[in-house]
Amino acid sequence: MKLLRYGPLGSEKPGVLDKDGQIRDLSGVIADVGGDAISDMGWAKGLDIDSLPVVGGSPRLGACVAGTGKFICIGLNYADHAAETGATVPPEPVIFMKATSAIVGPNDDVVIPRGSEATDWEVELGVVIGRQAKYVSEADALEHVAGYCVINDVSERDFQTKRSGQWTKGKSCDTFGPTGPWLVTRDEVADPQKLKMWLTVNGVTKQDGSSKTMVYGVANVVSYLSQFMTLHSGDIISTGTPPGVGMGFKPPQYLKAGDVVELGIEGLGTQKQTFVADL
């Protein structure tokens with residue numbers, strides 16, 4: 001299933017995409033896409049999607065999962081991306097947090113923060129936790145995944161690398177976490193390590209990669225994180241980016257107001273954001 005949330009910011013309703021690409025209203029079945037609804041998806045068995053009300057028009061799409069408690073990111077998780085930034089592949093996954101207040105819809109505007117001169121893009125495979133995970137093995141890790149989504153891990157590189165301390169402040173600016181359009185349930189993704197990924201800026205391709213070059217795969221990352229913290233339903237793991245980010249160019253290429261970024265992952269949908277200046 002391709003689950004989604006639609007409507008004005010803060011008032012989203014749950015929905016599902018039907019076989020014809022229409023949005024169907026799920027609010028008569030579940031309260032929202034998150035929490036109990038994705039930790040136990042028994043409600044989806046035998047569901048007749050075509051019997052659900054069609055949502056007319058072109059409503060705004062919100063982030064595809066509600067109630068996210070943790071937004072966990074994995075750094076330098078593609079060997080070719082690590083090389084373009086001049087870094088070496090780490091011996092264990094690099095973990096940092098992105099504030100949940102950064103989460104927005106897949107097509108919402110992204111605000112370039114005041115003082116920014118190095119706002120960058122990163123197409124990433126998002127993993128949404130369904131069933132609680134604590135001390136899980138790699139062999140069992142995917143059983144705790146509800147599904148997958150597209151994430152743009154927008155980053156301010158000067159805040160991240162030149163302002164001292166950890167990376168979080170360069171990753172957590174408001175609107176720096178476009179998520180969606182859909183939460184594609186695990187059964188629809190045969191192998192999360194064989195997904196094409198791409199990103200363009202103003203129509204020019206910048207990233208053209210695949211999750212197959214991920215150093216630490218999805219199962220490994222879920223298991224690894226669960227050794228340090230309990231993963232709860234609705235938590236998001238953003239698993240790293242392939243090469244082609246702005247900081248990797250010589251000279252670096254960064255975003256400015258008016259730029260349009262489009263990105264997508266095979267089978268998981270696409271996003272489109274216009275970058276705007278903070279007022």
# chains A, B, ... in the order shown; residues from 1 in each chain; ligands from 1
$ residues_around --residues "Lys19 (chain A)" --least-positions-apart "4" --cutoff "12 Å" --atoms "only C-alpha atoms" --output "mmCIF file with all heavy atoms, in the first residue's frame"
data_model
loop_
_atom_site.group_PDB
_atom_site.id
_atom_site.type_symbol
_atom_site.label_atom_id
_atom_site.label_comp_id
_atom_site.auth_asym_id
_atom_site.auth_seq_id
_atom_site.Cartn_x
_atom_site.Cartn_y
_atom_site.Cartn_z
ATOM 1 N N MET A 1 0.833 -1.197 0.000
ATOM 2 C CA MET A 1 0.000 0.000 0.000
ATOM 3 C C MET A 1 0.869 1.249 0.000
ATOM 4 O O MET A 1 1.987 1.241 0.514
ATOM 5 C CB MET A 1 -0.904 0.025 1.244
ATOM 6 C CG MET A 1 -1.836 -1.146 1.376
ATOM 7 S SD MET A 1 -2.816 -1.067 2.898
ATOM 8 C CE MET A 1 -3.985 0.205 2.439
ATOM 9 N N LYS A 2 0.317 2.307 -0.573
ATOM 10 C CA LYS A 2 0.975 3.606 -0.540
ATOM 11 C C LYS A 2 0.111 4.518 0.334
ATOM 12 O O LYS A 2 -0.898 5.062 -0.102
ATOM 13 C CB LYS A 2 1.144 4.167 -1.952
ATOM 14 C CG LYS A 2 2.120 3.363 -2.812
ATOM 15 C CD LYS A 2 2.249 3.950 -4.209
ATOM 16 C CE LYS A 2 3.343 3.244 -4.998
ATOM 17 N NZ LYS A 2 2.995 1.847 -5.300
ATOM 18 N N ILE A 23 -6.287 9.602 -4.734
ATOM 19 C CA ILE A 23 -6.237 9.548 -3.273
ATOM 20 C C ILE A 23 -7.592 9.099 -2.752
ATOM 21 O O ILE A 23 -8.636 9.631 -3.147
ATOM 22 C CB ILE A 23 -5.866 10.923 -2.691
ATOM 23 C CG1 ILE A 23 -4.460 11.330 -3.130
ATOM 24 C CG2 ILE A 23 -5.956 10.895 -1.158
ATOM 25 C CD1 ILE A 23 -4.072 12.745 -2.691
ATOM 26 N N ARG A 24 -7.570 8.121 -1.867
ATOM 27 C CA ARG A 24 -8.785 7.652 -1.192
ATOM 28 C C ARG A 24 -8.691 7.999 0.284
ATOM 29 O O ARG A 24 -7.637 7.859 0.905
ATOM 30 C CB ARG A 24 -8.929 6.136 -1.352
ATOM 31 C CG ARG A 24 -9.023 5.659 -2.801
ATOM 32 C CD ARG A 24 -10.420 5.756 -3.327
ATOM 33 N NE ARG A 24 -10.526 5.252 -4.689
ATOM 34 C CZ ARG A 24 -11.684 4.864 -5.253
ATOM 35 N NH1 ARG A 24 -12.821 4.918 -4.555
ATOM 36 N NH2 ARG A 24 -11.706 4.435 -6.502
ATOM 37 N N ASP A 48 -10.973 -2.977 1.089
ATOM 38 C CA ASP A 48 -11.353 -2.689 -0.296
ATOM 39 C C ASP A 48 -11.095 -1.209 -0.559
ATOM 40 O O ASP A 48 -11.915 -0.352 -0.246
ATOM 41 C CB ASP A 48 -12.825 -3.026 -0.518
ATOM 42 C CG ASP A 48 -13.276 -2.787 -1.960
ATOM 43 O OD1 ASP A 48 -12.408 -2.460 -2.811
ATOM 44 O OD2 ASP A 48 -14.483 -2.887 -2.229
ATOM 45 N N ILE A 49 -9.926 -0.934 -1.125
ATOM 46 C CA ILE A 49 -9.537 0.459 -1.346
ATOM 47 C C ILE A 49 -10.525 1.171 -2.267
ATOM 48 O O ILE A 49 -10.855 2.349 -2.061
ATOM 49 C CB ILE A 49 -8.108 0.524 -1.919
ATOM 50 C CG1 ILE A 49 -7.102 0.058 -0.858
ATOM 51 C CG2 ILE A 49 -7.758 1.934 -2.399
ATOM 52 C CD1 ILE A 49 -5.667 -0.021 -1.344
ATOM 53 N N ASP A 50 -11.036 0.455 -3.262
ATOM 54 C CA ASP A 50 -11.939 1.082 -4.225
ATOM 55 C C ASP A 50 -13.276 1.484 -3.617
ATOM 56 O O ASP A 50 -14.049 2.233 -4.234
ATOM 57 C CB ASP A 50 -12.177 0.142 -5.409
ATOM 58 C CG ASP A 50 -10.928 -0.038 -6.265
ATOM 59 O OD1 ASP A 50 -10.045 0.837 -6.204
ATOM 60 O OD2 ASP A 50 -10.836 -1.054 -6.989
#
$ residues_around --residues "region 228-231 of chain A" --least-positions-apart "4" --cutoff "10 Å" --atoms "only C-alpha atoms" --output "MDAnalysis selection string"
chainID A and resid 69:70 72 128:136 144 222:224 235:237
$ write_last_selection --atoms "N, CA, C and O atoms" --output "compact mmCIF listing (two decimals), in the first residue's frame"
# COMPACT_ATOMS: atom_id res chain seq x y z
N GLY A 69 8.64 10.45 16.71
CA GLY A 69 9.34 10.81 17.94
C GLY A 69 10.82 11.06 17.73
O GLY A 69 11.41 11.93 18.37
N LYS A 70 11.41 10.27 16.83
CA LYS A 70 12.84 10.40 16.54
C LYS A 70 13.05 10.44 15.03
O LYS A 70 12.49 9.64 14.29
N ILE A 72 16.20 10.06 12.91
CA ILE A 72 17.59 9.63 13.03
C ILE A 72 18.23 9.57 11.65
O ILE A 72 17.63 9.02 10.72
N VAL A 128 10.71 3.86 7.88
CA VAL A 128 9.74 4.18 8.93
C VAL A 128 9.51 2.94 9.79
O VAL A 128 9.15 1.87 9.29
N ILE A 129 9.74 3.09 11.08
CA ILE A 129 9.57 1.97 12.01
C ILE A 129 8.08 1.71 12.25
O ILE A 129 7.29 2.65 12.42
N GLY A 130 7.73 0.43 12.26
CA GLY A 130 6.36 0.03 12.57
C GLY A 130 6.31 -0.57 13.96
O GLY A 130 5.87 0.05 14.92
N ARG A 131 6.82 -1.78 14.07
CA ARG A 131 6.81 -2.49 15.35
C ARG A 131 8.05 -2.10 16.17
O ARG A 131 9.15 -2.03 15.64
N GLN A 132 7.85 -1.85 17.45
CA GLN A 132 8.94 -1.44 18.34
C GLN A 132 10.14 -2.37 18.20
O GLN A 132 10.00 -3.59 18.14
N ALA A 133 11.33 -1.76 18.17
CA ALA A 133 12.57 -2.53 17.99
C ALA A 133 13.55 -2.21 19.10
O ALA A 133 13.92 -1.05 19.30
N LYS A 134 13.98 -3.23 19.81
CA LYS A 134 14.99 -3.09 20.85
C LYS A 134 15.85 -4.35 20.87
O LYS A 134 15.33 -5.46 21.00
N TYR A 135 17.15 -4.18 20.70
CA TYR A 135 18.09 -5.30 20.65
C TYR A 135 17.67 -6.35 19.61
O TYR A 135 17.68 -7.54 19.89
N VAL A 136 17.28 -5.90 18.42
CA VAL A 136 16.86 -6.85 17.39
C VAL A 136 18.08 -7.27 16.56
O VAL A 136 19.05 -6.53 16.40
N HIS A 144 10.51 -5.16 11.69
CA HIS A 144 10.12 -4.00 12.50
C HIS A 144 9.93 -2.75 11.65
O HIS A 144 9.65 -1.67 12.19
N VAL A 222 18.97 -0.69 11.17
CA VAL A 222 17.89 -0.86 12.16
C VAL A 222 18.39 -1.67 13.35
O VAL A 222 18.16 -1.30 14.52
N SER A 223 19.07 -2.77 13.09
CA SER A 223 19.61 -3.59 14.17
C SER A 223 20.61 -2.79 15.01
O SER A 223 20.56 -2.81 16.25
N TYR A 224 21.51 -2.09 14.33
CA TYR A 224 22.55 -1.33 15.02
C TYR A 224 21.94 -0.27 15.94
O TYR A 224 22.30 -0.17 17.12
N ASP A 235 9.00 6.37 14.18
CA ASP A 235 10.37 6.89 14.07
C ASP A 235 10.85 6.76 12.63
O ASP A 235 10.52 5.79 11.93
N ILE A 236 11.64 7.72 12.20
CA ILE A 236 12.17 7.74 10.84
C ILE A 236 13.68 7.62 10.88
O ILE A 236 14.34 8.30 11.68
N ILE A 237 14.22 6.77 10.02
CA ILE A 237 15.67 6.68 9.83
C ILE A 237 15.97 7.12 8.41
O ILE A 237 15.46 6.53 7.45
$ atom_distance --atom1 "CA of Gly57 (chain A)" --atom2 "CA of Gly7 (chain A)"
11.1 Å
$ select_by_dssp --residues "region 52-260 of chain A" --states "strand (DSSP E or B)" --output "JSON, numbers by chain"
{"A": [54, 61, 71, 72, 73, 74, 75, 78, 94, 95, 96, 97, 103, 104, 110, 111, 112, 119, 120, 123, 124, 125, 126, 127, 128, 129, 133, 145, 146, 147, 148, 149, 150, 151, 152, 155, 156, 177, 178, 179, 183, 184, 185, 196, 197, 198, 199, 200, 201, 204, 205, 206, 207, 208, 209, 210, 214, 231, 236, 237, 238, 260]}
$ closest_residue --among "A:Thr185, A:Thr213, A:Ser51, A:Thr161" --to "Asp18 (chain A)" --atoms "only C-alpha atoms"
A:Ser51
$ residues_around --residues "Asn220 (chain A)" --least-positions-apart "5" --cutoff "12 Å" --atoms "only C-alpha atoms" --output "list in words"
Ile74, Asn77, Glu92, Pro93, Tyr135, Val136, Ser137, Glu138, Ala139, Asp140, Ala141, Leu142, Pro192, Gln193, Met214, Val215, Leu225, Ser226, Gln227 and Thr239 of chain A
$ write_last_selection --atoms "all heavy atoms" --output "short mmCIF file (atom, residue, chain, number, x, y, z; two decimals), in the first residue's frame"
data_model
loop_
_atom_site.label_atom_id
_atom_site.label_comp_id
_atom_site.auth_asym_id
_atom_site.auth_seq_id
_atom_site.Cartn_x
_atom_site.Cartn_y
_atom_site.Cartn_z
N ILE A 74 21.79 8.77 9.20
CA ILE A 74 23.05 8.04 9.09
C ILE A 74 23.95 8.82 8.14
O ILE A 74 23.58 9.08 6.99
CB ILE A 74 22.84 6.61 8.57
CG1 ILE A 74 21.78 5.87 9.41
CG2 ILE A 74 24.16 5.85 8.57
CD1 ILE A 74 22.14 5.73 10.88
N ASN A 77 27.12 7.23 4.54
CA ASN A 77 26.73 5.83 4.41
C ASN A 77 26.79 5.32 2.97
O ASN A 77 26.32 4.22 2.69
CB ASN A 77 25.33 5.60 4.99
CG ASN A 77 25.05 4.14 5.27
OD1 ASN A 77 25.96 3.36 5.49
ND2 ASN A 77 23.78 3.77 5.25
N GLU A 92 31.87 2.18 11.85
CA GLU A 92 30.51 1.92 12.30
C GLU A 92 29.63 3.05 11.77
O GLU A 92 30.14 4.13 11.44
CB GLU A 92 30.42 1.88 13.83
CG GLU A 92 31.18 0.74 14.47
CD GLU A 92 30.93 0.65 15.97
OE1 GLU A 92 29.81 0.94 16.41
OE2 GLU A 92 31.88 0.31 16.69
N PRO A 93 28.32 2.84 11.68
CA PRO A 93 27.45 3.91 11.18
C PRO A 93 27.58 5.20 12.00
O PRO A 93 27.65 5.16 13.23
CB PRO A 93 26.05 3.31 11.33
CG PRO A 93 26.27 1.83 11.24
CD PRO A 93 27.58 1.58 11.92
N TYR A 135 17.15 -4.18 20.70
CA TYR A 135 18.09 -5.30 20.65
C TYR A 135 17.67 -6.35 19.61
O TYR A 135 17.68 -7.54 19.89
CB TYR A 135 18.24 -5.95 22.02
CG TYR A 135 18.79 -5.03 23.08
CD1 TYR A 135 18.10 -4.81 24.28
CD2 TYR A 135 20.01 -4.38 22.91
CE1 TYR A 135 18.62 -3.96 25.26
CE2 TYR A 135 20.53 -3.53 23.87
CZ TYR A 135 19.82 -3.33 25.05
OH TYR A 135 20.32 -2.50 26.00
N VAL A 136 17.28 -5.90 18.42
CA VAL A 136 16.86 -6.85 17.39
C VAL A 136 18.08 -7.27 16.56
O VAL A 136 19.05 -6.53 16.40
CB VAL A 136 15.77 -6.27 16.47
CG1 VAL A 136 14.54 -5.90 17.28
CG2 VAL A 136 16.27 -5.08 15.68
N SER A 137 18.03 -8.48 16.05
CA SER A 137 19.10 -8.98 15.20
C SER A 137 18.94 -8.42 13.79
O SER A 137 17.85 -7.99 13.40
CB SER A 137 19.06 -10.50 15.15
OG SER A 137 17.90 -10.94 14.47
N GLU A 138 20.03 -8.47 13.03
CA GLU A 138 19.95 -8.03 11.65
C GLU A 138 18.98 -8.91 10.86
O GLU A 138 18.25 -8.42 9.98
CB GLU A 138 21.34 -8.04 11.01
CG GLU A 138 21.39 -7.42 9.63
CD GLU A 138 22.80 -7.20 9.12
OE1 GLU A 138 23.75 -7.22 9.93
OE2 GLU A 138 22.96 -7.00 7.89
N ALA A 139 18.94 -10.19 11.18
CA ALA A 139 18.05 -11.12 10.48
C ALA A 139 16.58 -10.78 10.68
O ALA A 139 15.75 -11.02 9.80
CB ALA A 139 18.33 -12.55 10.94
N ASP A 140 16.25 -10.22 11.85
CA ASP A 140 14.86 -9.92 12.18
C ASP A 140 14.51 -8.44 11.99
O ASP A 140 13.35 -8.05 12.16
CB ASP A 140 14.56 -10.30 13.63
CG ASP A 140 14.63 -11.80 13.87
OD1 ASP A 140 14.43 -12.56 12.90
OD2 ASP A 140 14.90 -12.20 15.02
N ALA A 141 15.48 -7.62 11.64
CA ALA A 141 15.30 -6.17 11.67
C ALA A 141 14.18 -5.68 10.76
O ALA A 141 13.38 -4.81 11.15
CB ALA A 141 16.62 -5.48 11.30
N LEU A 142 14.09 -6.21 9.56
CA LEU A 142 13.09 -5.70 8.61
C LEU A 142 11.66 -6.00 9.06
O LEU A 142 10.72 -5.34 8.59
CB LEU A 142 13.34 -6.26 7.21
CG LEU A 142 14.64 -5.83 6.54
CD1 LEU A 142 14.69 -6.31 5.10
CD2 LEU A 142 14.84 -4.31 6.60
N PRO A 192 15.21 -3.22 -0.48
CA PRO A 192 15.53 -1.80 -0.29
C PRO A 192 16.95 -1.44 -0.72
O PRO A 192 17.30 -0.26 -0.77
CB PRO A 192 15.33 -1.59 1.21
CG PRO A 192 15.53 -2.94 1.82
CD PRO A 192 15.00 -3.90 0.81
N GLN A 193 17.78 -2.45 -1.01
CA GLN A 193 19.16 -2.19 -1.44
C GLN A 193 19.30 -2.21 -2.96
O GLN A 193 20.41 -2.25 -3.48
CB GLN A 193 20.11 -3.19 -0.81
CG GLN A 193 20.02 -3.32 0.70
CD GLN A 193 20.14 -2.00 1.46
OE1 GLN A 193 19.59 -1.83 2.52
NE2 GLN A 193 20.87 -1.05 0.87
N MET A 214 25.02 1.63 -0.70
CA MET A 214 24.96 1.91 0.72
C MET A 214 25.96 1.02 1.47
O MET A 214 26.05 -0.18 1.21
CB MET A 214 23.53 1.65 1.23
CG MET A 214 23.16 2.31 2.53
SD MET A 214 21.45 1.89 3.01
CE MET A 214 20.50 2.86 1.83
N VAL A 215 26.73 1.59 2.38
CA VAL A 215 27.73 0.82 3.13
C VAL A 215 27.04 -0.07 4.16
O VAL A 215 27.28 -1.28 4.23
CB VAL A 215 28.75 1.75 3.81
CG1 VAL A 215 29.75 0.94 4.63
CG2 VAL A 215 29.47 2.62 2.78
N LEU A 225 21.01 0.51 15.42
CA LEU A 225 20.39 1.55 16.24
C LEU A 225 19.66 0.97 17.44
O LEU A 225 19.65 1.56 18.52
CB LEU A 225 19.43 2.38 15.38
CG LEU A 225 20.05 3.29 14.33
CD1 LEU A 225 18.97 3.88 13.43
CD2 LEU A 225 20.85 4.41 14.98
N SER A 226 19.04 -0.20 17.24
CA SER A 226 18.25 -0.79 18.32
C SER A 226 19.11 -1.29 19.47
O SER A 226 18.58 -1.61 20.54
CB SER A 226 17.39 -1.95 17.78
OG SER A 226 18.16 -3.12 17.59
N GLN A 227 20.41 -1.34 19.27
CA GLN A 227 21.31 -1.70 20.38
C GLN A 227 21.53 -0.52 21.33
O GLN A 227 21.96 -0.71 22.47
CB GLN A 227 22.67 -2.18 19.85
CG GLN A 227 22.61 -3.24 18.75
CD GLN A 227 21.79 -4.46 19.13
OE1 GLN A 227 21.98 -5.05 20.19
NE2 GLN A 227 20.88 -4.84 18.24
N THR A 239 18.76 7.22 5.68
CA THR A 239 19.88 6.28 5.61
C THR A 239 21.10 6.75 4.84
O THR A 239 22.01 5.96 4.58
CB THR A 239 19.39 4.95 5.01
OG1 THR A 239 18.78 5.21 3.74
CG2 THR A 239 18.39 4.27 5.93
#
$ closest_residue --among "A:Gly34, A:Ser172, A:Glu84, A:Met41" --to "Thr100 (chain A)" --atoms "only C-alpha atoms"
A:Ser172
$ closest_residue --among "A:Gln160, A:Ser27, A:Gln273, A:Thr205" --to "Lys98 (chain A)" --atoms "only C-alpha atoms"
A:Gln160
